[in-house]
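Asks: Next up, target.cif (mmCIF, C-alpha atoms).
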```cif
data_model
#
loop_
_atom_site.label_atom_id
_atom_site.label_comp_id
_atom_site.auth_asym_id
_atom_site.auth_seq_id
_atom_site.Cartn_x
_atom_site.Cartn_y
_atom_site.Cartn_z
CA MET A 1 0.00 0.00 0.00
CA GLN A 2 1.42 3.41 -0.94
CA THR A 3 2.01 5.94 1.82
CA SER A 4 2.88 9.62 2.05
CA PHE A 5 3.99 10.20 5.64
CA ALA A 6 5.84 13.51 6.01
CA PRO A 7 9.58 13.28 6.82
CA ASN A 8 9.08 14.93 10.20
CA LEU A 9 6.63 12.19 11.16
CA LEU A 10 8.97 9.43 10.01
CA ALA A 11 11.60 10.81 12.39
CA ASP A 12 9.35 9.51 15.19
CA PRO A 13 9.93 5.75 15.77
CA GLU A 14 6.18 5.14 16.28
CA PHE A 15 5.18 6.77 13.00
CA ALA A 16 8.10 5.11 11.18
CA GLU A 17 6.95 1.69 12.37
CA SER A 18 3.33 2.40 11.43
CA GLU A 19 4.36 3.55 7.95
CA LYS A 20 6.29 0.31 7.49
CA VAL A 21 3.30 -1.76 8.59
CA VAL A 22 0.90 0.07 6.26
CA ARG A 23 3.25 -0.35 3.29
CA THR A 24 3.33 -4.11 3.92
CA CYS A 25 -0.44 -4.45 3.42
CA VAL A 26 -1.40 -5.43 -0.16
CA HIS A 27 -5.17 -5.09 0.40
CA CYS A 28 -5.73 -8.78 -0.42
CA GLY A 29 -8.61 -9.21 2.04
CA PHE A 30 -7.57 -12.63 3.38
CA CYS A 31 -7.89 -11.16 6.88
CA THR A 32 -11.62 -10.51 6.50
CA ALA A 33 -12.43 -14.22 6.59
CA THR A 34 -10.94 -14.69 10.07
CA CYS A 35 -11.75 -11.35 11.71
CA PRO A 36 -14.42 -11.93 14.38
CA THR A 37 -16.02 -8.50 14.10
CA TYR A 38 -16.23 -8.69 10.31
CA VAL A 39 -17.69 -12.20 10.51
CA LEU A 40 -20.35 -10.89 12.91
CA LEU A 41 -21.05 -7.42 11.50
CA GLY A 42 -20.13 -7.67 7.82
CA ASP A 43 -18.84 -4.08 7.76
CA GLU A 44 -15.62 -3.51 5.81
CA LEU A 45 -14.59 -0.88 8.36
CA ASP A 46 -14.84 -3.56 11.05
CA SER A 47 -12.28 -5.70 9.23
CA PRO A 48 -8.49 -5.39 9.57
CA ARG A 49 -8.23 -4.13 5.98
CA GLY A 50 -10.83 -1.43 6.58
CA ARG A 51 -9.27 -0.40 9.88
CA ILE A 52 -5.84 -0.15 8.25
CA TYR A 53 -7.26 2.40 5.82
CA LEU A 54 -8.78 4.37 8.69
CA MET A 55 -5.54 4.28 10.69
CA LYS A 56 -3.45 5.15 7.64
CA ASP A 57 -5.56 8.22 6.91
CA MET A 58 -5.43 9.35 10.55
CA LEU A 59 -1.73 8.77 11.18
CA GLU A 60 -0.40 9.72 7.75
CA ASN A 61 -2.03 13.13 8.07
CA ASP A 62 -1.29 13.34 11.81
CA ARG A 63 -4.86 14.47 12.31
CA PRO A 64 -7.01 14.18 15.41
CA ALA A 65 -9.14 11.05 15.54
CA ASP A 66 -12.79 11.43 14.58
CA ALA A 67 -15.80 9.59 16.02
CA GLU A 68 -16.13 7.21 13.07
CA THR A 69 -12.50 6.08 13.26
CA VAL A 70 -12.72 5.69 17.03
CA LYS A 71 -15.87 3.56 16.76
CA HIS A 72 -14.27 1.02 14.45
CA ILE A 73 -10.90 0.92 16.21
CA ASP A 74 -12.68 0.45 19.53
CA ARG A 75 -14.55 -2.52 18.06
CA CYS A 76 -11.26 -4.25 17.25
CA LEU A 77 -10.60 -7.08 19.72
CA THR A 78 -6.84 -7.09 19.05
CA CYS A 79 -7.24 -10.86 18.75
CA LEU A 80 -4.52 -10.83 16.04
CA SER A 81 -6.22 -13.56 14.02
CA CYS A 82 -5.53 -11.32 11.02
CA MET A 83 -1.80 -11.66 11.63
CA THR A 84 -2.03 -15.44 11.51
CA THR A 85 -3.97 -15.25 8.24
CA CYS A 86 -2.03 -12.47 6.51
CA PRO A 87 0.25 -13.78 3.72
CA SER A 88 2.22 -10.52 3.66
CA GLY A 89 3.25 -10.47 7.33
CA VAL A 90 1.45 -7.24 8.25
CA ASN A 91 2.16 -6.50 11.93
CA TYR A 92 -1.33 -5.24 12.69
CA MET A 93 -0.61 -5.30 16.44
CA HIS A 94 2.00 -2.54 16.26
CA LEU A 95 -0.20 -0.40 14.03
CA VAL A 96 -3.36 -0.63 16.14
CA ASP A 97 -1.40 0.01 19.35
CA HIS A 98 -0.05 3.23 17.86
CA ALA A 99 -3.52 4.20 16.64
CA ARG A 100 -5.04 3.70 20.07
CA HIS A 101 -2.45 5.91 21.72
CA HIS A 102 -3.00 8.54 19.04
CA ILE A 103 -6.75 8.38 19.71
CA GLU A 104 -6.25 8.93 23.43
CA LYS A 105 -4.04 11.95 22.72
CA THR A 106 -6.28 13.61 20.13
CA TYR A 107 -9.89 12.56 20.75
CA LYS A 108 -12.14 13.64 23.60
CA ARG A 109 -14.44 10.75 24.37
CA PRO A 110 -17.92 11.25 25.83
CA TRP A 111 -17.79 11.70 29.60
CA PRO A 112 -19.20 8.23 30.52
CA ASP A 113 -16.66 6.55 28.25
CA ARG A 114 -13.78 8.56 29.72
CA GLN A 115 -14.82 7.70 33.25
CA MET A 116 -15.25 4.01 32.47
CA ARG A 117 -11.79 3.76 30.95
CA ARG A 118 -10.24 5.73 33.77
CA LEU A 119 -11.92 3.41 36.26
CA LEU A 120 -10.66 0.27 34.54
CA GLY A 121 -7.12 1.61 34.28
CA SER A 122 -7.14 2.66 37.93
CA VAL A 123 -8.52 -0.58 39.37
CA LEU A 124 -7.71 -3.72 37.38
CA PRO A 125 -3.88 -3.53 37.44
CA TYR A 126 -3.75 -3.18 41.23
CA PRO A 127 -4.67 -6.43 43.06
CA ALA A 128 -5.55 -4.84 46.43
CA VAL A 129 -7.72 -2.18 44.80
CA PHE A 130 -9.35 -4.71 42.47
CA ARG A 131 -10.10 -7.07 45.35
CA ALA A 132 -11.75 -4.26 47.31
CA ALA A 133 -13.73 -3.17 44.25
CA LEU A 134 -15.06 -6.69 43.70
CA SER A 135 -16.14 -6.90 47.32
CA GLY A 136 -17.99 -3.61 46.89
CA ALA A 137 -19.55 -4.81 43.65
CA ARG A 138 -21.29 -7.62 45.51
CA LEU A 139 -23.28 -4.96 47.38
CA GLY A 140 -23.71 -2.92 44.24
CA LYS A 141 -25.51 -5.81 42.55
CA LEU A 142 -28.42 -5.24 44.93
CA ALA A 143 -29.03 -1.89 43.27
CA SER A 144 -27.76 -2.72 39.79
CA GLY A 145 -31.13 -1.96 38.22
CA LEU A 146 -30.73 1.69 39.18
CA LEU A 147 -27.22 2.01 37.72
CA PRO A 148 -26.23 3.22 34.23
CA LYS A 149 -25.92 0.42 31.67
CA ARG A 150 -22.11 0.43 31.63
CA LEU A 151 -21.87 0.10 35.38
CA ARG A 152 -24.44 -2.71 35.33
CA VAL A 153 -22.11 -4.61 32.99
CA LEU A 154 -19.32 -4.26 35.56
CA MET A 155 -21.58 -5.46 38.36
CA ASP A 156 -22.81 -8.44 36.36
CA MET A 157 -19.23 -9.56 35.67
CA ALA A 158 -18.26 -9.51 39.36
CA PRO A 159 -18.04 -13.00 40.93
CA PRO A 160 -20.40 -13.91 43.79
CA THR A 161 -17.45 -14.45 46.12
CA VAL A 162 -13.92 -13.08 46.12
CA PRO A 163 -11.14 -15.54 47.01
CA LYS A 164 -8.68 -14.66 49.74
CA ALA A 165 -5.29 -13.45 48.62
CA SER A 166 -2.86 -16.33 48.26
CA PRO A 167 0.32 -16.22 50.36
CA MET A 168 2.10 -17.76 47.37
CA ASP A 169 1.70 -14.49 45.45
CA ARG A 170 3.96 -12.63 47.87
CA PRO A 171 7.58 -11.97 46.81
CA GLN A 172 9.56 -15.10 47.70
CA VAL A 173 11.53 -18.05 46.34
CA PHE A 174 10.15 -21.59 46.06
CA ALA A 175 12.78 -24.32 46.09
CA ALA A 176 12.88 -26.97 43.39
CA GLN A 177 11.92 -30.49 44.39
CA GLY A 178 14.80 -32.88 43.83
CA LYS A 179 17.58 -31.81 41.50
CA ARG A 180 17.28 -28.22 40.37
CA ILE A 181 17.31 -27.96 36.59
CA ALA A 182 16.39 -24.27 36.18
CA ARG A 183 15.62 -21.04 37.96
CA VAL A 184 12.61 -19.13 36.65
CA ALA A 185 10.68 -15.98 37.50
CA LEU A 186 6.91 -16.32 37.62
CA MET A 187 4.81 -13.30 36.71
CA ASN A 188 1.98 -13.40 39.23
CA GLY A 189 0.15 -10.61 37.41
CA CYS A 190 -2.77 -8.53 38.62
CA ALA A 191 -6.38 -9.55 37.91
CA GLN A 192 -5.64 -13.27 37.83
CA GLN A 193 -4.27 -13.44 41.36
CA VAL A 194 -7.48 -11.79 42.56
CA LEU A 195 -10.02 -13.79 40.55
CA MET A 196 -8.33 -17.21 40.55
CA PRO A 197 -5.31 -17.40 42.87
CA GLN A 198 -5.31 -21.18 42.45
CA ILE A 199 -3.78 -20.74 38.98
CA ASN A 200 -0.51 -19.31 40.30
CA GLU A 201 -0.53 -21.88 43.12
CA ALA A 202 -0.87 -24.75 40.62
CA THR A 203 1.86 -23.21 38.47
CA ILE A 204 4.32 -23.05 41.35
CA ARG A 205 3.56 -26.65 42.39
CA LEU A 206 3.99 -27.88 38.81
CA LEU A 207 7.24 -26.02 38.22
CA THR A 208 8.89 -26.96 41.52
CA ARG A 209 7.80 -30.60 41.05
CA HIS A 210 9.63 -30.54 37.74
CA GLY A 211 12.91 -29.25 39.20
CA CYS A 212 12.46 -25.50 38.80
CA GLU A 213 13.31 -22.98 41.47
CA VAL A 214 10.59 -20.35 41.21
CA VAL A 215 10.98 -16.73 42.23
CA VAL A 216 8.13 -14.25 42.59
CA ALA A 217 10.26 -11.15 42.27
CA ARG A 218 9.74 -8.16 44.53
CA GLY A 219 8.47 -5.25 42.48
CA SER A 220 6.99 -7.27 39.63
CA GLY A 221 3.28 -7.21 38.91
CA CYS A 222 0.94 -6.13 36.12
CA CYS A 223 2.50 -6.45 32.66
CA GLY A 224 0.95 -3.18 31.49
CA ALA A 225 -1.32 -4.73 28.85
CA LEU A 226 -4.60 -3.57 30.37
CA THR A 227 -3.66 0.10 30.34
CA HIS A 228 -1.70 -0.20 27.09
CA HIS A 229 -4.71 -1.51 25.15
CA LEU A 230 -6.87 1.23 26.64
CA GLY A 231 -4.50 3.69 24.99
CA GLN A 232 -3.08 4.68 28.36
CA ASP A 233 0.57 4.61 29.39
CA GLY A 234 1.50 1.16 30.66
CA SER A 235 5.25 1.72 30.54
CA GLY A 236 5.53 2.16 34.32
CA PHE A 237 4.27 -1.38 34.92
CA ALA A 238 6.59 -2.76 32.26
CA LYS A 239 9.63 -0.94 33.64
CA ALA A 240 8.88 -2.21 37.15
CA ASN A 241 8.91 -5.79 35.84
CA ILE A 242 12.07 -5.24 33.83
CA ASP A 243 13.83 -3.81 36.85
CA ALA A 244 12.62 -6.61 39.15
CA TRP A 245 13.56 -9.45 36.81
CA THR A 246 16.86 -7.90 35.77
CA ALA A 247 17.81 -7.63 39.43
CA GLU A 248 16.97 -11.32 39.95
CA LYS A 249 18.89 -12.27 36.84
CA SER A 250 21.95 -10.36 38.02
CA ARG A 251 21.69 -11.68 41.58
CA SER A 252 21.07 -15.40 41.08
CA GLY A 253 20.44 -15.97 37.37
CA LEU A 254 17.24 -16.63 35.45
CA ASP A 255 16.69 -19.27 32.80
CA ALA A 256 13.22 -18.05 31.91
CA VAL A 257 10.38 -15.70 32.76
CA VAL A 258 7.36 -18.00 32.88
CA ILE A 259 3.89 -16.56 32.32
CA ASN A 260 0.59 -18.39 32.73
CA ALA A 261 -1.71 -15.64 31.38
CA SER A 262 -1.25 -15.56 27.63
CA GLY A 263 -2.35 -11.94 27.27
CA CYS A 264 0.48 -10.96 29.60
CA GLY A 265 2.91 -13.24 27.80
CA THR A 266 2.24 -11.57 24.46
CA THR A 267 2.90 -8.17 26.03
CA VAL A 268 6.12 -9.19 27.82
CA LYS A 269 7.47 -10.80 24.67
CA GLU A 270 7.03 -7.37 23.08
CA TYR A 271 8.98 -5.48 25.77
CA GLY A 272 12.04 -5.51 23.54
CA PHE A 273 10.10 -3.78 20.77
CA THR A 274 8.28 -1.43 23.12
CA PHE A 275 11.52 -0.07 24.61
CA ARG A 276 13.65 -0.28 21.45
CA ALA A 277 14.25 3.49 21.45
CA ASP A 278 14.78 3.85 25.22
CA PRO A 279 18.52 3.78 25.95
CA ALA A 280 17.94 2.99 29.63
CA TYR A 281 15.74 -0.05 28.98
CA ALA A 282 16.27 -1.28 25.41
CA GLU A 283 18.96 -3.87 26.17
CA LYS A 284 17.37 -5.12 29.42
CA ALA A 285 13.91 -5.35 27.86
CA ALA A 286 15.16 -7.27 24.82
CA ALA A 287 17.07 -9.71 27.02
CA LEU A 288 13.98 -10.48 29.11
CA SER A 289 11.67 -10.79 26.11
CA ALA A 290 14.09 -13.34 24.68
CA ILE A 291 13.72 -15.65 27.70
CA THR A 292 9.97 -15.19 28.24
CA ARG A 293 7.94 -18.36 27.81
CA ASP A 294 4.31 -19.28 28.13
CA LEU A 295 3.93 -21.94 30.79
CA THR A 296 3.10 -24.59 28.19
CA GLU A 297 6.12 -23.62 26.08
CA TRP A 298 8.34 -24.05 29.11
CA MET A 299 6.79 -27.35 30.18
CA ALA A 300 7.16 -28.71 26.66
CA GLN A 301 10.81 -27.66 26.74
CA ILE A 302 11.68 -29.32 30.08
CA GLY A 303 9.32 -32.29 29.65
CA LEU A 304 6.21 -33.30 31.57
CA GLN A 305 6.49 -36.09 34.11
CA PRO A 306 4.26 -39.13 33.51
CA PRO A 307 0.80 -38.76 35.11
CA VAL A 308 0.37 -40.32 38.54
CA VAL A 309 -3.44 -40.31 38.56
CA GLU A 310 -5.95 -41.47 35.98
CA THR A 311 -7.66 -38.41 34.57
CA GLY A 312 -9.38 -39.50 31.38
CA GLN A 313 -11.79 -36.59 31.01
CA ARG A 314 -12.72 -35.38 27.57
CA VAL A 315 -11.30 -31.84 27.39
CA ALA A 316 -12.23 -29.13 24.91
CA TYR A 317 -9.11 -27.00 24.64
CA HIS A 318 -9.87 -23.34 23.98
CA SER A 319 -6.88 -21.70 22.35
CA ALA A 320 -6.68 -18.10 23.59
CA CYS A 321 -6.11 -15.58 20.80
CA SER A 322 -3.10 -14.10 22.56
CA LEU A 323 -1.55 -17.58 22.68
CA GLN A 324 -2.35 -18.94 19.22
CA HIS A 325 -2.11 -15.67 17.27
CA GLY A 326 -0.03 -13.39 19.49
CA GLN A 327 2.61 -15.93 20.54
CA ARG A 328 2.07 -18.65 17.90
CA VAL A 329 1.85 -21.28 20.62
CA ARG A 330 -0.68 -23.82 19.35
CA ARG A 331 0.62 -27.36 19.57
CA GLU A 332 2.18 -27.50 23.05
CA PRO A 333 -0.92 -27.11 25.28
CA LYS A 334 -2.85 -29.88 23.52
CA GLU A 335 0.14 -32.21 23.48
CA LEU A 336 0.75 -31.65 27.19
CA LEU A 337 -2.89 -32.33 28.06
CA ALA A 338 -2.81 -35.51 26.00
CA ALA A 339 0.42 -36.60 27.70
CA ALA A 340 -1.30 -35.99 31.05
CA GLY A 341 -3.98 -38.52 30.14
CA PHE A 342 -6.80 -36.29 28.89
CA GLU A 343 -8.74 -36.85 25.70
CA VAL A 344 -8.35 -33.52 23.88
CA THR A 345 -10.97 -32.42 21.37
CA ASP A 346 -10.61 -29.79 18.67
CA VAL A 347 -13.10 -26.93 18.88
CA PRO A 348 -14.75 -25.73 15.63
CA GLU A 349 -13.85 -22.16 14.64
CA ALA A 350 -10.98 -22.31 17.11
CA HIS A 351 -9.40 -19.24 15.49
CA LEU A 352 -12.30 -16.96 16.51
CA CYS A 353 -12.14 -14.91 19.72
CA CYS A 354 -14.40 -15.66 22.71
CA GLY A 355 -15.05 -11.92 23.20
CA SER A 356 -13.01 -11.38 26.35
CA ALA A 357 -10.03 -9.54 24.86
CA GLY A 358 -8.80 -7.78 27.99
CA THR A 359 -11.42 -5.16 28.84
CA TYR A 360 -13.36 -5.61 25.59
CA ASN A 361 -16.22 -7.52 27.23
CA LEU A 362 -16.71 -4.53 29.55
CA LEU A 363 -16.42 -1.85 26.86
CA GLN A 364 -18.19 -3.65 23.99
CA PRO A 365 -20.56 -6.00 25.84
CA GLU A 366 -23.04 -6.59 23.00
CA ILE A 367 -20.41 -7.87 20.56
CA ALA A 368 -18.61 -9.73 23.34
CA VAL A 369 -21.75 -11.66 24.32
CA ARG A 370 -22.40 -12.68 20.70
CA LEU A 371 -18.84 -13.95 20.38
CA ARG A 372 -19.06 -15.75 23.72
CA ASP A 373 -22.28 -17.52 22.76
CA ARG A 374 -20.79 -18.58 19.43
CA LYS A 375 -17.69 -19.89 21.17
CA VAL A 376 -19.70 -21.77 23.81
CA ALA A 377 -21.89 -23.38 21.14
CA ASN A 378 -18.79 -24.58 19.30
CA ILE A 379 -17.24 -25.91 22.50
CA GLU A 380 -20.39 -27.70 23.64
CA SER A 381 -20.80 -29.31 20.21
CA THR A 382 -17.74 -31.47 21.02
CA LYS A 383 -19.52 -32.93 24.09
CA PRO A 384 -16.61 -32.39 26.51
CA ASP A 385 -16.49 -33.09 30.23
CA LEU A 386 -14.62 -29.86 30.85
CA ILE A 387 -12.86 -26.96 29.15
CA ALA A 388 -9.20 -25.96 29.39
CA ALA A 389 -7.74 -22.56 28.50
CA GLY A 390 -4.50 -20.68 29.08
CA ASN A 391 -5.78 -17.18 29.78
CA ILE A 392 -7.73 -15.79 32.73
CA GLY A 393 -9.81 -13.48 30.54
CA CYS A 394 -11.03 -16.34 28.37
CA ILE A 395 -11.80 -18.46 31.44
CA THR A 396 -13.96 -15.79 33.08
CA GLN A 397 -15.68 -14.90 29.79
CA ILE A 398 -16.57 -18.44 28.72
CA ALA A 399 -17.65 -19.40 32.25
CA THR A 400 -20.50 -16.88 32.06
CA GLY A 401 -22.03 -18.78 29.15
CA THR A 402 -21.80 -22.46 30.07
CA ALA A 403 -22.30 -24.83 32.98
CA LEU A 404 -19.26 -26.86 31.97
CA PRO A 405 -16.29 -26.46 34.32
CA ILE A 406 -13.52 -24.41 32.75
CA LEU A 407 -10.01 -24.55 34.17
CA HIS A 408 -6.59 -23.24 33.39
CA THR A 409 -4.44 -25.79 31.57
CA VAL A 410 -1.91 -25.68 34.42
CA GLU A 411 -4.52 -26.86 36.95
CA LEU A 412 -5.04 -30.03 34.93
CA LEU A 413 -1.32 -30.64 34.41
CA ASP A 414 -0.70 -30.10 38.12
CA TRP A 415 -3.44 -32.55 39.11
CA ALA A 416 -2.26 -35.22 36.66
CA THR A 417 1.32 -35.08 37.95
CA GLY A 418 0.56 -35.15 41.67
CA GLY A 419 -1.24 -31.97 42.65
CA PRO A 420 -4.72 -31.68 44.19
CA LYS A 421 -7.83 -32.37 42.16
CA PRO A 422 -9.29 -28.99 41.15
CA ASP A 423 -12.38 -28.09 43.16
CA ARG A 424 -14.46 -27.40 40.07
CA ILE A 425 -14.02 -31.00 38.94
CA ALA A 426 -14.36 -32.53 42.40
CA ASN A 427 -17.49 -30.55 43.24
CA ARG A 428 -19.12 -31.44 39.95
CA SER A 429 -18.58 -35.13 40.49
CA GLY A 430 -19.68 -34.96 44.10
CA GLN A 431 -16.35 -36.31 45.28
CA PRO A 432 -13.93 -34.58 47.65
CA PRO A 433 -10.71 -33.18 46.15
CA ALA A 434 -8.03 -35.84 45.82
#
```
Here is a file; write its structure as structure tokens.
Replies:
Amino acid sequence: MQTSFAPNLLADPEFAESEKVVRTCVHCGFCTATCPTYVLLGDELDSPRGRIYLMKDMLENDRPADAETVKHIDRCLTCLSCMTTCPSGVNYMHLVDHARHHIEKTYKRPWPDRQMRRLLGSVLPYPAVFRAALSGARLGKLASGLLPKRLRVLMDMAPPTVPKASPMDRPQVFAAQGKRIARVALMNGCAQQVLMPQINEATIRLLTRHGCEVVVARGSGCCGALTHHLGQDGSGFAKANIDAWTAEKSRSGLDAVVINASGCGTTVKEYGFTFRADPAYAEKAAALSAITRDLTEWMAQIGLQPPVVETGQRVAYHSACSLQHGQRVRREPKELLAAAGFEVTDVPEAHLCCGSAGTYNLLQPEIAVRLRDRKVANIESTKPDLIAAGNIGCITQIATGTALPILHTVELLDWATGGPKPDRIANRSGQPPA
């Protein structure tokens, strides 16, 4: 695609990268077939190709965003299915990230939208604040009928109970069982440790059982993705992680940064790109991105121990967009589940998003519900006993549309190799946890 960015714009690394991405697009339209919003809405401007034209016009002319452009960019899930499909290698992720930050700088959203986004960016990345907000939301549900529609969506998404904070999420080191084969940092994240602390607990048990010393580094936390995709500045979160993990690497060495939330993993693997022009962080960020692994990537690398319990359940594996499209990790989770004794089924339309997409299900609830229902119908068509996924957002989203138990992949791997039987399976069968 031809471009005409002014030289002064191309002197800016963000504009230079966007110009390169736009030039790569050949307008072939392959992306339209796998874009969830285009499949649902049938609007060219709600396809990657259409959005690229909107972003090109906005950025090339360095003009303030208009309402029409904002509407269609906001509807983008950033599922990155288009990047898997694209034969030309268009890095849509870098382009849409730049566009979102440009929108936040140049467009004044309606007051309710501004407040909603400010609320999400001020609450979700901070576990203590998020936990308190969820506790308050339980009371708010009693009066949800009197609240504005957007706040009702928030109340409806709040769980009926809020788990206690896990002591395993505090900064500390967990010794490897038996011979130590590696030392890894675990990102314990933000929303996940509040909503489902058992995921990090299962991860630590699995890793230490397999000879890994696990460190939860002091100062690490949210990856910055939530604020970044809202168009806000998430660099402070990223820098805190880089500093924390670099200190651990210098002090005692790190073989990997292991992440069990695929949305976070995609973001951390991009730290090297994000800070490429920052002389204070470029080298450190690139070094950490290079050793970042999704949990299933890491387990496939070190090898899963043989299962010690008979599992046997039929599992529908939901491949999170950030894992299959963002990180190109597709084979490892299913192979690990099969090695752990589960019967793994393929889900129809596995490339389509479930509608979670970070804060998307809160900001675009109508589209998100349609995508969730489509995903649940495809999952249930395989007649599984349970669902496995590798991302907290997908787990919470899909759970609102089905009675089937949905668990993180690591919970099943942990159980199969000697950990406790997950409560959601035990309670469903009427048996106590093993």
Asks: May I have the residues within 10 Å of Asp57 (chain A) as a VMD selection string, using all atoms listed in the file and disregarding those fewer than 6 positions away in the same chain?
Replies: chain A and resid 3 to 5 51 63 65 69
Asks: Determine the residue membership of the PyMOL selection byres ((chain A and resi 313-323) around 6) for the file above and supply it as a list in words.
Replies: Cys79, Ser262, Gly263, Thr311, Gly312, Gln324, His325, Gly326, Gln327, Val329, Phe342, Glu343, Val344, Thr345, Pro384, Asp385, Leu386, Ile387, Ala388 and Ala389 of chain A
Asks: Got a sec: who's within 12 Å of Ala368 (chain A), counting all atoms listed in the file, leaving out chain neighbours fewer than 2 positions off, as a count of residues only?
Replies: 34
Asks: Using the chain letters and residue numbers of this document, give as an mmCIF file with C-alpha atoms, keeping the file's coordinate frame the residues selected by the PyMOL selection byres ((chain A and resi 408) around 8).
Replies:
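The result, stored in out.cif:
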```
data_model
loop_
_atom_site.group_PDB
_atom_site.id
_atom_site.type_symbol
_atom_site.label_atom_id
_atom_site.label_comp_id
_atom_site.auth_asym_id
_atom_site.auth_seq_id
_atom_site.Cartn_x
_atom_site.Cartn_y
_atom_site.Cartn_z
ATOM 1 C CA ILE A 199 -3.780 -20.740 38.980
ATOM 2 C CA ALA A 388 -9.200 -25.960 29.390
ATOM 3 C CA ALA A 389 -7.740 -22.560 28.500
ATOM 4 C CA GLY A 390 -4.500 -20.680 29.080
ATOM 5 C CA ASN A 391 -5.780 -17.180 29.780
ATOM 6 C CA ILE A 392 -7.730 -15.790 32.730
ATOM 7 C CA ILE A 395 -11.800 -18.460 31.440
ATOM 8 C CA ILE A 406 -13.520 -24.410 32.750
ATOM 9 C CA LEU A 407 -10.010 -24.550 34.170
ATOM 10 C CA THR A 409 -4.440 -25.790 31.570
ATOM 11 C CA VAL A 410 -1.910 -25.680 34.420
ATOM 12 C CA GLU A 411 -4.520 -26.860 36.950
ATOM 13 C CA LEU A 412 -5.040 -30.030 34.930
#
```
Asks: Please enclose the listed atoms of region 270-288 of chain A in an axis-aligned box, pad each side by 8 Å, and write out the centre and the three edge lengths in Å, rounded to one decimal, as JSON.
Replies:
```
{"center_x": 13.0, "center_y": -3.3, "center_z": 25.2, "size_x": 27.9, "size_y": 30.3, "size_z": 24.9}
```
Asks: I want to know what sits within 12 Å of region 45-49 of chain A, based on only C-alpha atoms, with residues of the same chain fewer than 4 positions away left out; could you give that as a PyMOL selection string?
Replies: chain A and resi 1+22+24-41+53-56+68-83+85-86+90-93+95-96+367
Asks: Can you give me, as a VMD selection string, the residues this file yields under the PyMOL selection byres ((chain A and resi 418) around 12)?
Replies: chain A and resid 202 205 to 210 304 to 311 340 411 to 417 419 to 422 434
Asks: Quick one, how far is CA of Ile291 (chain A) from CA of Asp278 (chain A)?
Replies: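 CA of Asp278 (chain A) lies 19.7 Å from CA of Ile291 (chain A).
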Asks: Between CA of His102 (chain A) and CA of Met58 (chain A), what distance in Å does the model show, to one decimal?
Replies: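 Between CA of His102 (chain A) and CA of Met58 (chain A) the gap works out to 8.9 Å.
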Asks: For Ser250 (chain A), which residue among A:Gly231, A:Lys284, A:Gly42, A:Gly219 is the nearest when counting all atoms listed in the file?
Replies: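 Of A:Gly231, A:Lys284, A:Gly42, A:Gly219, the one nearest Ser250 (chain A), counting all atoms listed in the file, is A:Lys284.
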Asks: Would you kindly return, as a ChimeraX atom specification, each protein, DNA or RNA residue with an atom no farther than 8 Å from any atom of Ala300 (chain A), considering all atoms listed in the file and excluding same-chain residues fewer than 4 positions away?
Replies: /A:296,304,332,336
Asks: Keeping only C-alpha atoms, write the selected residues as an mmCIF file, in the frame of the given file.
Replies:
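Output file part.cif follows:
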```
data_model
loop_
_atom_site.group_PDB
_atom_site.id
_atom_site.type_symbol
_atom_site.label_atom_id
_atom_site.label_comp_id
_atom_site.auth_asym_id
_atom_site.auth_seq_id
_atom_site.Cartn_x
_atom_site.Cartn_y
_atom_site.Cartn_z
ATOM 1 C CA THR A 296 3.100 -24.590 28.190
ATOM 2 C CA LEU A 304 6.210 -33.300 31.570
ATOM 3 C CA GLU A 332 2.180 -27.500 23.050
ATOM 4 C CA LEU A 336 0.750 -31.650 27.190
#
```
Asks: To one decimal in Å, tell me the separation between CA of Ala282 (chain A) and CA of Asn260 (chain A).
Replies: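 Going from CA of Ala282 (chain A) over to CA of Asn260 (chain A), I get 24.3 Å.
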